[in-house]
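Engineer: A single structure is presented below for examination.
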Amino acid sequence: MTTVHSPAPRSGRASRTATALVVTLVLALLLVFFILPVIWLLLAPTKTAGELISDAPLSFGSFHNLAAAWDHLISFQGAAILVWLKNSAVYSVGSLAITILTSIPAGYALALTRFRGRKLLLMITLTVMIMPSAALVLPIFLELNLFHLIGTAWSVILPFSFFPFGVYLVYIYFATSLPRSILSAARLDGASEWQIFLKIALPLARPVVALVAFFSFVGNWNNFFLPYLVLPSSDAFPVQVGLNQLLTSTPSFNPVAGAGLNITSPELALAILISILPVLVVFLFSQRALVSGMLAGSTK
Amino acid sequence: MTSLDIRGAAPAADPIGRRTSVRRPAAGGLAGYLFVSGYVVLLLAFGVFPTGYAAYLALTNDRGQFTGLGQFVKVVQDFRFLPAFGDIVVYLVLWLVLLVVLSVGAAVILRGRMRPGLSATLRFLFYVPGALAGIASVLVWLFMLDPSVSPVGWLISAAGFGNFAAVLAPGNLPVILVLIAFWAGAGGWMVVMYGALNNIPDEVIEAARIDGAGPWRTAWSVQIPMIKKWIAYMTILAFAAGTQIFVEPQLLQTASLGRVSPTWSPNQLAYLYAFQKGDFNGAAAISIFLLVLGLACAGVLVTRSGLFTVDDNE
């Protein structure tokens with residue numbers, strides 16, 4: 001694709017140069033737009049709140065400032081950020097485990113077995129998967145409230161583990177990569193449905209497990225709305241909700257509540273960085289997963 | 001999807017296929033139910049039940065008496081209801097136009113006109129902010145939009161906003177929300193659109209080239225039409241998600257020291273009903289409106305787009 005076809009029409013070279021210029025400009029602007037905030041964020045905790053205003057925006061402060069920001073952040077409500085991170089890990093990984101355990105067999109069954117109601121289940125799954133999950137948050141809150149589950153870890157883990165997109169990914173994966181003839185052959189050989197699943201399907205499922213895990217983990221880790229509604233106390237907050245609390249304790253964004261706390265802009269920037277670290281790590285290795293997940297179905 | 005289509009077509013015509021499809025429910029049926037059981041429990045508990053319960057609440061009052069459409073009428077008549085929907089309409093129009101034009105445009109450029117290594121690097125860099133989706137992206141943009149600390153403070157000042165308070169004027173909210181959404185989400189979509197373009201067989205592009213089409217012509221007449229379904233998919237998903245916006249305006253409201261309306265979006269209004277007024281019935285009524293909107297989008301995609309051919313020979 002790199003070479004441009006040579007016998008170009010009349011206007012030729014000049015228009016091609018203009019095009020190249022426009023293309024370069026668009027890409028450069030996009031690059032700045034996407035990356036500048038990230039660079040700023042990486043540098044912000046190395047400066048004091050004063051330096052953030054007075055120094056050049058993209059300058060490096062000092063490691064001393066970074067350490068100070070860390071100390072201030074840790075001393076906020078007695079290392080609350082570490083508790084929040086632990087909570088996020090418990091909620092994300094806990095629901096991820098349940099998601100995997102339920103979605104792999106479900107997707108497999110939808111793709112390769114036949115049972116009454118299969119098509120209905122598939123249609124419902126597709127619909128709920130496309131429907132934004134936020135639409136169900138308030139109804140789920142009302143339900144949890146009815147059953148007095150508000151405030152427990154389960155009130156976050158269980159709703160998170162309902163992940164129709166995961167089921168759909170598994171469904172597509174098996175429907176396109178596991179020929180039904182293999183299963184028929186195994187059935188003829190007398191293998192039970194359970195054996196077929198364990199011995200044939202499961203070993204093939206590794207790539208899709210990774211895919212489901214990626215989407216589930218990132219979604220759970222970044223989720224704010226549900227935990228914000230159902231978890232009343234700071235000790236139970238995941239880090240996303242904790243960040244909200246930090247924001248309301250930062251004087252520049254909330255002069256009233258911030259008095260007496262050491263949480264200023266650099267601390268907040270550091271907290272943002274820490275909170276996204278796990279997702280960032282996953283992201284660094286997952287661009288391919290994103291594409292294959294979002295395009296599931298069209299590839300074959 | 002071809003394998004699915006073939007499978008879908010065969011049994012209807014073919015007597016052998018028919019025989020197996022009759023036999024199968026007996027053989028695979030029970031196992032099928034067992035395999036889906038865990039998921040079905042979650043689906044009932046966190047999909048079906050909450051929807052039904054919200055509908056029940058929306059049709060009754062706080063003493064459980066049936067009130068028909070009373071709750072719906074009440075929330076629609078709330079002076080904040082229509083403005084909240086108006087707000088998201090403005091936001092959605094801006095967001096979707098920008099998303100479609102730039103993500104498809106960028107994907108075409110990245111797919112066609114540069115060294116593969118450079119393209120991969122750029123895609124990666126565009127996509128990185130996606131890791132900051134949710135609250136982190138809003139916080140980052142609070143800094144980016146504060147002229148006193150922003151690396152583009154000069155630009156913000158030049159645009160006529162002398163300080164942070166001026167930037168966070170309520171009228172600017174749709175633009176700010178679009179910036180945030182684009183920053184955290186567009187890179188991922190660019191990667192996805194690039195992937196869709198990549199699935200177009202090389203021979204097709206080659207044929208267009210031999211026919212004398214330049215890169216733009218090829219993009220407009222061949223590549224974009226071939227990924228039309230995926231563009232529709234992106235648009236509908238982004239639209240559906242946009243109608244539910246909550247976190248972003250909620251945080252901007254905090255940061256604007258209360259100048260931005262606490263009921264900017266419909267979900268915030270539902271939140272206010274539930275948490276400040278303790279009116280769960282009213283909150284449920286608003287959430288039903290939002291659910292219906294989400295369901296409608298999903299319904300359109302599932303039934304009309306052709307992306308989700310469910311093979312079917314029941």
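Naming scheme: A, B, ... for chains in displayed order of the structure tokens; residues 1 onward per chain; ligands 1 onward as shown.
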So which residues touch stretch 161-163 of chain A within 8 Å, counting only C-alpha atoms, skipping near sequence neighbours fewer than 2 positions away, as number ranges by chain?
Structural biologist: A: 95-99, 103, 129, 157-159, 165-167, 216; B: 39, 42-43, 46
Engineer: Set the distance at 12 Å and use only C-alpha atoms: which residues neighbour B:Tyr33 once local chain neighbours fewer than 5 positions away are removed? I'd like the list as a VMD selection string.
Structural biologist: (chain A and resid 105 to 110 113 to 118 121 193 to 194) or (chain B and resid 25 to 28 38 to 41)
Engineer: Looking at only C-alpha atoms, which of B:Trp95, B:Phe79, B:Tyr127, B:Tyr56 is the one that sits closest to A:Leu284?
Structural biologist: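 Closest to A:Leu284 of all the choices is B:Tyr127.
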Engineer: If you count only C-alpha atoms, which residues fall within 9 Å of A:Trp221, apart from same-chain ones fewer than 6 positions away, as a VMD selection string?
Structural biologist: chain A and resid 88 to 89 91 to 93 238 to 240 276 278 to 279
Engineer: Taking the chain letters and numbering used in this document, name the residues of stretch 221-292 of chain A that DSSP puts in helix (DSSP H, G or I), as number ranges by chain.
Structural biologist: A: 221-222, 225-230, 234-236, 239-248, 265-284, 287-292
Engineer: Quote the spacing between atom CA of B:Ala255 and atom CA of B:Asp78 in Å to one decimal place.
Structural biologist: 25.4 Å
Engineer: Could you give me, as number ranges by chain, the residues within 8 Å of B:Gly195, counting only C-alpha atoms and dropping anything in the same chain fewer than 4 positions from it?
Structural biologist: A: 291-292, 295; B: 191, 199
Engineer: Would you mind exporting N, CA, C and O atoms of the selected residues as a PDB file, in the first residue's frame?
Structural biologist:
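The resulting file, out-v3.pdb, is reproduced below:
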```pdb
ATOM      1  N   VAL A 291      -9.263  -4.950  18.356  1.00  0.00           N
ATOM      2  CA  VAL A 291      -9.749  -5.069  16.988  1.00  0.00           C
ATOM      3  C   VAL A 291     -10.506  -6.364  16.784  1.00  0.00           C
ATOM      4  O   VAL A 291     -11.637  -6.369  16.301  1.00  0.00           O
ATOM      5  N   SER A 292      -9.908  -7.464  17.199  1.00  0.00           N
ATOM      6  CA  SER A 292     -10.592  -8.708  16.923  1.00  0.00           C
ATOM      7  C   SER A 292     -11.888  -8.816  17.698  1.00  0.00           C
ATOM      8  O   SER A 292     -12.846  -9.414  17.225  1.00  0.00           O
ATOM      9  N   LEU A 295     -14.505  -6.417  15.996  1.00  0.00           N
ATOM     10  CA  LEU A 295     -14.880  -6.853  14.657  1.00  0.00           C
ATOM     11  C   LEU A 295     -15.320  -8.303  14.631  1.00  0.00           C
ATOM     12  O   LEU A 295     -15.425  -8.912  13.573  1.00  0.00           O
TER      13      LEU A 295
ATOM     14  N   VAL B 191      -8.710   2.413  15.600  1.00  0.00           N
ATOM     15  CA  VAL B 191      -8.077   1.108  15.491  1.00  0.00           C
ATOM     16  C   VAL B 191      -9.065   0.077  14.933  1.00  0.00           C
ATOM     17  O   VAL B 191      -8.731  -0.743  14.079  1.00  0.00           O
ATOM     18  N   ASN B 199      -9.637  -5.885   6.690  1.00  0.00           N
ATOM     19  CA  ASN B 199     -10.323  -7.108   6.283  1.00  0.00           C
ATOM     20  C   ASN B 199     -10.754  -7.095   4.825  1.00  0.00           C
ATOM     21  O   ASN B 199     -11.220  -8.102   4.312  1.00  0.00           O
TER      22      ASN B 199
END
```
Engineer: Name the closest residue to B:Pro201 among the candidates B:Leu118, B:Val222, B:Ala213, B:Ala240; distances are taken between atoms, counting only C-alpha atoms.
Structural biologist: B:Val222
Engineer: If you count only C-alpha atoms, which residues fall within 9 Å of A:Arg180, apart from same-chain ones fewer than 5 positions away, as a ChimeraX atom specification?
Structural biologist: /A:112,175,185
